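Asker: This is model39.json (JSON, C-alpha atoms and all ligand atoms).
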[["chain", "number", "residue", "atom", "x", "y", "z"],
["N", 1, "MET", "CA", 79.00, 123.16, 171.54],
["N", 2, "ALA", "CA", 79.00, 122.35, 167.82],
["N", 3, "ASP", "CA", 80.85, 124.80, 165.53],
["N", 4, "GLN", "CA", 77.99, 126.42, 163.58],
["N", 5, "THR", "CA", 80.44, 128.05, 161.17],
["N", 6, "LEU", "CA", 82.15, 124.86, 159.99],
["N", 7, "PHE", "CA", 80.63, 124.99, 156.49],
["N", 8, "ASP", "CA", 80.15, 128.76, 156.31],
["N", 9, "LEU", "CA", 81.73, 130.40, 153.24],
["N", 10, "SER", "CA", 80.88, 134.04, 153.98],
["N", 11, "ASP", "CA", 83.70, 136.36, 152.88],
["N", 12, "ARG", "CA", 85.14, 133.60, 150.68],
["N", 13, "ALA", "CA", 85.50, 133.82, 146.89],
["N", 14, "PHE", "CA", 85.42, 130.68, 144.74],
["N", 15, "ILE", "CA", 86.07, 130.23, 141.04],
["N", 16, "VAL", "CA", 83.97, 127.51, 139.38],
["N", 17, "THR", "CA", 84.78, 126.38, 135.84],
["N", 18, "GLY", "CA", 82.05, 124.76, 133.78],
["N", 19, "ALA", "CA", 79.45, 126.85, 135.64],
["N", 20, "SER", "CA", 77.11, 127.18, 132.64],
["N", 21, "SER", "CA", 75.75, 123.66, 133.01],
["N", 22, "GLY", "CA", 75.28, 120.52, 135.05],
["N", 23, "ILE", "CA", 77.62, 119.81, 137.94],
["N", 24, "GLY", "CA", 79.52, 123.12, 137.77],
["N", 25, "ALA", "CA", 76.30, 125.15, 137.80],
["N", 26, "ALA", "CA", 74.96, 123.12, 140.73],
["N", 27, "MET", "CA", 78.19, 123.50, 142.71],
["N", 28, "ALA", "CA", 78.22, 127.26, 142.03],
["N", 29, "GLY", "CA", 74.75, 127.38, 143.59],
["N", 30, "PHE", "CA", 75.83, 125.36, 146.65],
["N", 31, "LEU", "CA", 78.80, 127.64, 147.28],
["N", 32, "SER", "CA", 76.79, 130.84, 146.89],
["N", 33, "GLU", "CA", 74.07, 129.54, 149.22],
["N", 34, "ALA", "CA", 76.82, 128.94, 151.81],
["N", 35, "GLY", "CA", 77.80, 132.62, 151.49],
["N", 36, "ALA", "CA", 80.61, 132.64, 148.91],
["N", 37, "HIS", "CA", 81.05, 135.08, 146.05],
["N", 38, "VAL", "CA", 81.27, 132.75, 143.04],
["N", 39, "ILE", "CA", 82.94, 133.57, 139.75],
["N", 40, "GLY", "CA", 81.56, 131.18, 137.16],
["N", 41, "ILE", "CA", 83.42, 130.47, 133.94],
["N", 42, "ALA", "CA", 82.34, 128.78, 130.70],
["N", 43, "ARG", "CA", 82.04, 129.71, 127.02],
["N", 44, "ARG", "CA", 78.25, 130.30, 126.95],
["N", 45, "ALA", "CA", 77.75, 133.80, 128.39],
["N", 46, "GLY", "CA", 73.95, 133.57, 128.15],
["N", 47, "ARG", "CA", 73.85, 130.50, 130.37],
["N", 48, "LEU", "CA", 76.18, 132.12, 132.90],
["N", 49, "ASN", "CA", 74.09, 135.30, 132.97],
["N", 50, "ALA", "CA", 70.92, 133.27, 133.55],
["N", 51, "LEU", "CA", 72.58, 131.55, 136.52],
["N", 52, "ALA", "CA", 73.78, 134.94, 137.79],
["N", 53, "ASN", "CA", 70.18, 136.19, 137.76],
["N", 54, "THR", "CA", 68.91, 133.14, 139.64],
["N", 55, "ILE", "CA", 71.62, 133.32, 142.28],
["N", 56, "THR", "CA", 71.38, 137.08, 142.85],
["N", 57, "GLU", "CA", 67.55, 136.90, 143.04],
["N", 58, "ASN", "CA", 68.09, 134.43, 145.88],
["N", 59, "GLY", "CA", 70.43, 136.85, 147.66],
["N", 60, "GLY", "CA", 73.70, 135.23, 146.54],
["N", 61, "ARG", "CA", 76.72, 136.66, 144.74],
["N", 62, "PHE", "CA", 77.74, 135.37, 141.30],
["N", 63, "SER", "CA", 79.92, 136.97, 138.63],
["N", 64, "ALA", "CA", 79.90, 135.55, 135.10],
["N", 65, "LEU", "CA", 83.11, 135.31, 133.10],
["N", 66, "ALA", "CA", 82.84, 133.96, 129.56],
["N", 67, "ALA", "CA", 86.06, 132.27, 128.44],
["N", 68, "ASP", "CA", 87.30, 129.27, 126.48],
["N", 69, "LEU", "CA", 89.41, 127.33, 128.96],
["N", 70, "GLY", "CA", 90.74, 125.15, 126.15],
["N", 71, "GLU", "CA", 92.88, 128.13, 125.07],
["N", 72, "ARG", "CA", 95.98, 127.45, 127.13],
["N", 73, "SER", "CA", 97.69, 130.73, 126.35],
["N", 74, "THR", "CA", 94.89, 132.75, 127.96],
["N", 75, "LEU", "CA", 94.58, 130.87, 131.27],
["N", 76, "ASP", "CA", 96.77, 133.29, 133.24],
["N", 77, "ASP", "CA", 94.72, 136.23, 131.93],
["N", 78, "VAL", "CA", 91.43, 134.51, 132.83],
["N", 79, "ALA", "CA", 92.76, 133.82, 136.34],
["N", 80, "ASN", "CA", 93.74, 137.48, 136.69],
["N", 81, "ASP", "CA", 90.27, 138.55, 135.53],
["N", 82, "CYS", "CA", 88.78, 136.34, 138.27],
["N", 83, "LEU", "CA", 90.98, 137.98, 140.88],
["N", 84, "LYS", "CA", 89.92, 141.42, 139.65],
["N", 85, "LEU", "CA", 86.23, 140.46, 139.81],
["N", 86, "ALA", "CA", 86.35, 138.95, 143.29],
["N", 87, "GLY", "CA", 89.35, 140.71, 144.79],
["N", 88, "ARG", "CA", 90.67, 137.34, 145.96],
["N", 89, "ALA", "CA", 90.43, 133.59, 145.38],
["N", 90, "ASP", "CA", 89.88, 131.22, 148.30],
["N", 91, "GLY", "CA", 89.22, 128.20, 146.16],
["N", 92, "VAL", "CA", 88.60, 126.77, 142.73],
["N", 93, "ILE", "CA", 86.38, 123.99, 141.42],
["N", 94, "ASN", "CA", 87.63, 122.60, 138.12],
["N", 95, "ALA", "CA", 84.38, 121.26, 136.65],
["N", 96, "ALA", "CA", 84.74, 122.18, 132.94],
["N", 97, "GLY", "CA", 85.11, 118.96, 131.00],
["N", 98, "ILE", "CA", 84.23, 117.09, 127.83],
["N", 99, "ASN", "CA", 83.68, 113.47, 126.86],
["N", 100, "LEU", "CA", 83.72, 112.99, 123.08],
["N", 101, "ARG", "CA", 82.65, 109.32, 123.35],
["N", 102, "GLU", "CA", 84.60, 108.06, 120.34],
["N", 103, "ALA", "CA", 85.19, 104.40, 119.53],
["N", 104, "VAL", "CA", 88.79, 103.45, 120.16],
["N", 105, "ASP", "CA", 89.58, 103.33, 116.41],
["N", 106, "GLU", "CA", 88.07, 106.78, 115.90],
["N", 107, "VAL", "CA", 90.23, 108.58, 118.46],
["N", 108, "SER", "CA", 92.40, 111.10, 116.63],
["N", 109, "LEU", "CA", 95.42, 113.10, 117.77],
["N", 110, "GLU", "CA", 93.16, 116.14, 117.75],
["N", 111, "SER", "CA", 90.38, 114.63, 119.89],
["N", 112, "TRP", "CA", 92.97, 113.15, 122.28],
["N", 113, "ASP", "CA", 94.63, 116.57, 122.67],
["N", 114, "GLN", "CA", 91.31, 118.38, 123.04],
["N", 115, "THR", "CA", 90.20, 116.03, 125.84],
["N", 116, "LEU", "CA", 93.49, 115.82, 127.72],
["N", 117, "ASN", "CA", 93.99, 119.57, 127.36],
["N", 118, "LEU", "CA", 90.66, 120.70, 128.83],
["N", 119, "ASN", "CA", 90.18, 117.86, 131.32],
["N", 120, "LEU", "CA", 93.73, 117.58, 132.66],
["N", 121, "ALA", "CA", 96.08, 120.38, 131.57],
["N", 122, "THR", "CA", 93.63, 123.21, 132.25],
["N", 123, "PRO", "CA", 92.89, 122.22, 135.87],
["N", 124, "PHE", "CA", 96.63, 122.31, 136.58],
["N", 125, "PHE", "CA", 97.65, 125.50, 134.77],
["N", 126, "PHE", "CA", 94.51, 127.43, 135.72],
["N", 127, "THR", "CA", 94.76, 126.43, 139.39],
["N", 128, "ARG", "CA", 98.46, 127.26, 139.52],
["N", 129, "ALA", "CA", 97.63, 130.76, 138.30],
["N", 130, "LEU", "CA", 95.18, 131.20, 141.20],
["N", 131, "VAL", "CA", 97.14, 129.50, 143.97],
["N", 132, "LYS", "CA", 99.50, 132.43, 144.69],
["N", 133, "ASP", "CA", 96.55, 134.45, 145.94],
["N", 134, "MET", "CA", 95.51, 131.59, 148.26],
["N", 135, "GLN", "CA", 99.11, 131.23, 149.46],
["N", 136, "SER", "CA", 99.14, 134.90, 150.47],
["N", 137, "ARG", "CA", 96.52, 134.11, 153.15],
["N", 138, "GLY", "CA", 97.71, 130.56, 153.94],
["N", 139, "TRP", "CA", 94.33, 128.96, 153.18],
["N", 140, "GLY", "CA", 92.75, 127.61, 150.02],
["N", 141, "LYS", "CA", 90.61, 124.84, 148.55],
["N", 142, "VAL", "CA", 91.17, 123.11, 145.23],
["N", 143, "ILE", "CA", 88.42, 120.74, 144.11],
["N", 144, "ASN", "CA", 88.88, 118.71, 140.95],
["N", 145, "ILE", "CA", 86.21, 116.58, 139.31],
["N", 146, "ALA", "CA", 87.16, 112.97, 138.67],
["N", 147, "SER", "CA", 84.84, 110.21, 137.41],
["N", 148, "LEU", "CA", 83.92, 106.56, 137.60],
["N", 149, "GLN", "CA", 86.30, 106.40, 134.64],
["N", 150, "SER", "CA", 89.15, 107.42, 136.96],
["N", 151, "SER", "CA", 89.21, 103.76, 137.96],
["N", 152, "ARG", "CA", 86.90, 101.94, 135.51],
["N", 153, "ALA", "CA", 87.19, 101.61, 131.73],
["N", 154, "PHE", "CA", 83.97, 102.22, 129.80],
["N", 155, "THR", "CA", 83.46, 101.65, 126.07],
["N", 156, "ASN", "CA", 84.11, 104.78, 123.96],
["N", 157, "GLY", "CA", 85.82, 106.55, 126.84],
["N", 158, "LEU", "CA", 89.52, 106.05, 126.28],
["N", 159, "PRO", "CA", 90.87, 109.64, 126.27],
["N", 160, "TYR", "CA", 88.24, 110.71, 128.81],
["N", 161, "GLY", "CA", 89.21, 107.89, 131.16],
["N", 162, "ALA", "CA", 92.89, 108.69, 130.75],
["N", 163, "SER", "CA", 92.21, 112.32, 131.64],
["N", 164, "LYS", "CA", 90.05, 111.40, 134.65],
["N", 165, "SER", "CA", 92.52, 108.86, 135.97],
["N", 166, "GLY", "CA", 95.16, 111.58, 135.57],
["N", 167, "ILE", "CA", 93.01, 113.96, 137.62],
["N", 168, "CYS", "CA", 93.35, 111.71, 140.67],
["N", 169, "GLN", "CA", 97.15, 111.76, 140.44],
["N", 170, "LEU", "CA", 97.12, 115.49, 139.65],
["N", 171, "THR", "CA", 95.09, 115.95, 142.84],
["N", 172, "ARG", "CA", 97.68, 114.05, 144.89],
["N", 173, "ALA", "CA", 100.53, 116.01, 143.27],
["N", 174, "MET", "CA", 98.78, 119.35, 143.88],
["N", 175, "ALA", "CA", 98.30, 118.30, 147.50],
["N", 176, "GLU", "CA", 101.98, 117.46, 147.79],
["N", 177, "ALA", "CA", 102.93, 120.85, 146.32],
["N", 178, "TRP", "CA", 100.56, 123.18, 148.12],
["N", 179, "SER", "CA", 99.10, 121.62, 151.29],
["N", 180, "ASN", "CA", 101.94, 122.77, 153.51],
["N", 181, "GLN", "CA", 100.83, 126.31, 152.63],
["N", 182, "GLY", "CA", 97.29, 125.67, 153.88],
["N", 183, "ILE", "CA", 95.78, 124.70, 150.53],
["N", 184, "THR", "CA", 93.97, 121.38, 150.47],
["N", 185, "CYS", "CA", 93.48, 119.68, 147.11],
["N", 186, "ASN", "CA", 90.85, 116.98, 146.67],
["N", 187, "ALA", "CA", 88.69, 115.47, 143.96],
["N", 188, "ILE", "CA", 85.04, 114.46, 143.80],
["N", 189, "ALA", "CA", 84.31, 111.49, 141.53],
["N", 190, "PRO", "CA", 80.60, 111.55, 140.64],
["N", 191, "GLY", "CA", 78.76, 108.45, 139.53],
["N", 192, "PHE", "CA", 76.07, 108.94, 136.84],
["N", 193, "PHE", "CA", 74.35, 112.35, 137.17],
["N", 194, "PRO", "CA", 71.91, 113.72, 134.55],
["N", 195, "THR", "CA", 73.63, 116.60, 132.70],
["N", 196, "GLU", "CA", 74.37, 117.56, 129.10],
["N", 197, "LEU", "CA", 77.50, 115.41, 129.26],
["N", 198, "THR", "CA", 75.52, 112.27, 130.18],
["N", 199, "ALA", "CA", 72.58, 112.92, 127.80],
["N", 200, "PRO", "CA", 73.53, 109.77, 125.81],
["N", 201, "VAL", "CA", 73.24, 107.72, 129.04],
["N", 202, "PHE", "CA", 70.03, 109.22, 130.41],
["N", 203, "GLY", "CA", 68.47, 109.46, 126.94],
["N", 204, "ASP", "CA", 68.43, 105.67, 126.80],
["N", 205, "GLU", "CA", 66.24, 104.09, 129.46],
["N", 206, "ASN", "CA", 68.03, 100.76, 129.38],
["N", 207, "THR", "CA", 71.45, 102.35, 129.87],
["N", 208, "ALA", "CA", 70.21, 104.64, 132.64],
["N", 209, "ASN", "CA", 68.57, 101.68, 134.41],
["N", 210, "TRP", "CA", 71.73, 99.59, 133.99],
["N", 211, "ALA", "CA", 73.77, 102.38, 135.62],
["N", 212, "ALA", "CA", 71.33, 102.59, 138.53],
["N", 213, "THR", "CA", 71.48, 98.85, 139.15],
["N", 214, "GLN", "CA", 75.28, 98.98, 139.32],
["N", 215, "THR", "CA", 75.10, 101.16, 142.44],
["N", 216, "ALA", "CA", 74.73, 99.81, 145.96],
["N", 217, "ILE", "CA", 72.03, 102.39, 146.72],
["N", 218, "GLY", "CA", 69.98, 101.46, 143.65],
["N", 219, "ARG", "CA", 69.60, 104.78, 141.85],
["N", 220, "ASN", "CA", 71.60, 107.25, 139.79],
["N", 221, "GLY", "CA", 72.83, 110.54, 141.23],
["N", 222, "GLU", "CA", 70.83, 113.75, 141.63],
["N", 223, "LEU", "CA", 72.76, 117.02, 141.61],
["N", 224, "GLU", "CA", 71.63, 117.71, 145.18],
["N", 225, "ASP", "CA", 73.65, 114.62, 146.25],
["N", 226, "LEU", "CA", 76.79, 116.67, 145.54],
["N", 227, "ARG", "CA", 75.95, 119.51, 147.97],
["N", 228, "GLY", "CA", 77.43, 117.93, 151.12],
["N", 229, "PRO", "CA", 80.69, 116.73, 149.53],
["N", 230, "THR", "CA", 81.15, 120.11, 147.79],
["N", 231, "LEU", "CA", 80.69, 122.09, 151.01],
["N", 232, "PHE", "CA", 82.93, 119.67, 152.91],
["N", 233, "PHE", "CA", 85.85, 120.14, 150.52],
["N", 234, "ALA", "CA", 85.22, 123.91, 150.14],
["N", 235, "SER", "CA", 85.12, 124.70, 153.85],
["N", 236, "LYS", "CA", 87.32, 124.44, 156.90],
["N", 237, "ALA", "CA", 85.53, 121.13, 157.64],
["N", 238, "SER", "CA", 88.14, 119.48, 155.38],
["N", 239, "ASP", "CA", 91.25, 121.34, 156.56],
["N", 240, "TYR", "CA", 93.11, 118.08, 157.39],
["N", 241, "VAL", "CA", 91.96, 116.17, 154.30],
["N", 242, "THR", "CA", 94.08, 116.50, 151.18],
["N", 243, "GLY", "CA", 95.10, 114.53, 148.11],
["N", 244, "GLN", "CA", 91.94, 112.42, 148.24],
["N", 245, "THR", "CA", 89.32, 111.41, 145.70],
["N", 246, "LEU", "CA", 85.83, 110.93, 147.13],
["N", 247, "TYR", "CA", 83.52, 108.78, 145.01],
["N", 248, "VAL", "CA", 79.99, 110.16, 145.21],
["N", 249, "ASP", "CA", 78.55, 107.29, 143.23],
["N", 250, "GLY", "CA", 75.90, 105.55, 145.31],
["N", 251, "GLY", "CA", 78.37, 102.73, 145.85],
["N", 252, "PHE", "CA", 78.96, 102.01, 142.14],
["N", 253, "THR", "CA", 82.67, 101.40, 142.75],
["N", 254, "ALA", "CA", 81.99, 99.50, 145.97],
["N", 255, "LYS", "CA", 80.11, 96.73, 144.19],
["Y", 1, "LIG", "N1", 77.49, 114.11, 134.73],
["Y", 1, "LIG", "C1", 78.12, 113.07, 135.23],
["Y", 1, "LIG", "O1", 77.52, 112.01, 135.50],
["Y", 1, "LIG", "C2", 79.60, 113.14, 135.49],
["Y", 1, "LIG", "C3", 80.21, 112.03, 136.08],
["Y", 1, "LIG", "C4", 81.56, 112.08, 136.36],
["Y", 1, "LIG", "C5", 82.29, 113.21, 136.10],
["Y", 1, "LIG", "N2", 81.67, 114.29, 135.51],
["Y", 1, "LIG", "C6", 82.50, 115.48, 135.28],
["Y", 1, "LIG", "O2", 81.85, 116.60, 135.83],
["Y", 1, "LIG", "C7", 82.29, 117.78, 135.13],
["Y", 1, "LIG", "C8", 81.06, 118.55, 134.70],
["Y", 1, "LIG", "O3", 80.35, 117.76, 133.76],
["Y", 1, "LIG", "P1", 78.79, 117.84, 133.58],
["Y", 1, "LIG", "O4", 78.28, 116.47, 133.66],
["Y", 1, "LIG", "O5", 78.22, 118.89, 134.43],
["Y", 1, "LIG", "O6", 78.74, 118.23, 132.04],
["Y", 1, "LIG", "P2", 78.10, 119.45, 131.24],
["Y", 1, "LIG", "O7", 76.73, 119.71, 131.73],
["Y", 1, "LIG", "O8", 78.30, 119.11, 129.82],
["Y", 1, "LIG", "O9", 79.03, 120.69, 131.66],
["Y", 1, "LIG", "C9", 80.32, 120.83, 131.14],
["Y", 1, "LIG", "C10", 80.76, 122.25, 131.41],
["Y", 1, "LIG", "O10", 82.08, 122.43, 130.89],
["Y", 1, "LIG", "C11", 82.10, 123.64, 130.17],
["Y", 1, "LIG", "N3", 83.10, 123.61, 129.13],
["Y", 1, "LIG", "C12", 83.26, 122.68, 128.15],
["Y", 1, "LIG", "N4", 84.24, 123.05, 127.32],
["Y", 1, "LIG", "C13", 84.74, 124.23, 127.79],
["Y", 1, "LIG", "C14", 85.74, 125.11, 127.37],
["Y", 1, "LIG", "N5", 86.50, 124.85, 126.27],
["Y", 1, "LIG", "N6", 85.97, 126.25, 128.07],
["Y", 1, "LIG", "C15", 85.21, 126.52, 129.15],
["Y", 1, "LIG", "N7", 84.24, 125.73, 129.62],
["Y", 1, "LIG", "C16", 84.00, 124.59, 128.93],
["Y", 1, "LIG", "C17", 80.69, 123.76, 129.61],
["Y", 1, "LIG", "O11", 80.38, 125.12, 129.32],
["Y", 1, "LIG", "P3", 80.29, 125.79, 127.87],
["Y", 1, "LIG", "O12", 79.82, 124.74, 126.91],
["Y", 1, "LIG", "O13", 79.33, 126.91, 128.08],
["Y", 1, "LIG", "O14", 81.69, 126.26, 127.58],
["Y", 1, "LIG", "C18", 79.86, 123.27, 130.78],
["Y", 1, "LIG", "O15", 79.62, 124.34, 131.68],
["Y", 1, "LIG", "C19", 83.16, 117.28, 133.98],
["Y", 1, "LIG", "O16", 84.51, 117.36, 134.35],
["Y", 1, "LIG", "C20", 82.76, 115.82, 133.84],
["Y", 1, "LIG", "O17", 83.79, 115.06, 133.29],
["Y", 1, "LIG", "C21", 80.36, 114.28, 135.21]]
Turn this file's structure into structure tokens for me.
Ligand SMILES: NC(=O)c1ccc[n+]([C@@H]2O[C@H](COP(=O)([O-])OP(=O)(O)OC[C@H]3O[C@@H](n4cnc5c(N)ncnc54)[C@H](OP(=O)(O)O)[C@@H]3O)[C@@H](O)[C@H]2O)c1
Answerer:
Amino acid sequence: MADQTLFDLSDRAFIVTGASSGIGAAMAGFLSEAGAHVIGIARRAGRLNALANTITENGGRFSALAADLGERSTLDDVANDCLKLAGRADGVINAAGINLREAVDEVSLESWDQTLNLNLATPFFFTRALVKDMQSRGWGKVINIASLQSSRAFTNGLPYGASKSGICQLTRAMAEAWSNQGITCNAIAPGFFPTELTAPVFGDENTANWAATQTAIGRNGELEDLRGPTLFFASKASDYVTGQTLYVDGGFTAK
């Protein structure tokens, strides 16, 4: 008989960064609908509180935690606040990210640092601060968010692409460090999904159509397309999968 609990997240607590918008907000919803208590982090408290209302009205559990994850010195404190709110951490989704879209000659030391810090350093240091709690129970799920730019170079994406390529190697290195303690570490690499981050793409019909035609399926992503991959990596369904990056891109990188 099929295991009906394979994707069940009841009694689990997940931390989701970047939960005020786009992919992070959608993933927070998927996890809570599967039974998890979700702690959502971002800077915009109002957006987090609105999501909390929606999720709790639907019978889910969501706690909002407003924090700037670009402030490295506070990451341990933010992780401890998450543990206080949920009592535990069974997994983390590192979805907070920025793409400043600067031309190569415009990239400054400051914009490089800002991008690499939030997109690459924060997922490592923040996750490391949460992993001890997962280790105490011998089970945990780390999900990083990669990108088409993990393996493709796009115009005006140099620091972003460097950070997202780094995320794939960070995911392998996290897997090497923590998987023998029951913690799987994987990344999801979305194709083009309509969010605030991709407003410049979807705001231009020609660019959005170009992106769709680059896929094998023939359309751009919809946030619902991320539900299955998110629940796979967040649940015991993926307990023997680690260090991997799954492209959820409609076949963009297959063409
Ligand atoms: N959309 C796509 O097609 C696509 C494709 C590939 C990869 N991705 C990746 O998916 C992830 C989510 O992106 P998205 O498309 O959903 O973009 P988005 O709608 O712009 O969301 C970005 C999130 O990151 C948070 N964030 C930014 N700076 C932060 C900071 N300093 N501290 C805390 N939170 C911060 C934002 O919240 P606040 O502004 O409230 O702080 C927001 O919740 C990113 O890692 C992105 O690179 C997206």
Asker: Could you list, as a count of residues only, all residues that come within 6 Å of ligand LIG 1 (chain Y)? Count all atoms listed in the file.
Answerer: 31
Asker: Let me make sure I understand: among N:Leu223, N:Ala211, N:Leu246, N:Ala89, which one has the smallest atom-to-atom distance to Gly29 (chain N) if we use only C-alpha atoms?
Answerer: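 Among the listed residues, N:Leu223 lies closest to Gly29 (chain N).
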Asker: Hey, could you make a per-residue contact list for region 72-143 of chain N against region 55-64 of chain N with 9 Å as the cut-off, showing the nearest pair of atoms and its distance in Å to one decimal, counting all atoms listed in the file, sorted by chain and number, as CSV?
Answerer:
residue,atom,partner,partner_atom,distance
N:Cys82,CA,N:Ser63,CA,8.9
N:Leu85,CA,N:Ser63,CA,7.3
N:Ala86,CA,N:Ser63,CA,8.2
Asker: With all atoms listed in the file as the atoms that count, which of N:Met174, N:Leu65, N:Ala13, N:Leu75 lies nearest to Val142 (chain N)?
Answerer: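 Closest to Val142 (chain N), using all atoms listed in the file: N:Met174.
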Asker: What is the CA of Ser32 (chain N)-CA of Ala175 (chain N) distance in Å, reported with one decimal?
Answerer: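 Pair CA of Ser32 (chain N) / CA of Ala175 (chain N) returns 24.9 Å.
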Asker: With only C-alpha atoms as the counted atoms, please give the residues lying no more than 12 Å from Asp3 (chain N), apart from itself and same-chain residues fewer than 5 positions off, as a ChimeraX atom specification.
Answerer: /N:8,236-237
Asker: Could you tell me how far CA of Pro229 (chain N) sits from CA of Thr5 (chain N), in Å to one decimal place?
Answerer: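 Distance reported for this atom pair: 16.2 Å.
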Asker: Taking 6 positions as the minimum chain separation for residues in the same chain, which residues sit within 9 Å of Arg137 (chain N) when counting all atoms listed in the file? Answer as a PyMOL selection string.
Answerer: chain N and resi 90+181-182
Asker: Which neighbours of Thr127 (chain N) fall inside 9 Å, counting only C-alpha atoms, when residues of the same chain fewer than 4 positions from it are skipped, and could you give them as an MDAnalysis selection string?
Answerer: chainID N and resid 79 91:94 122:123 131 142
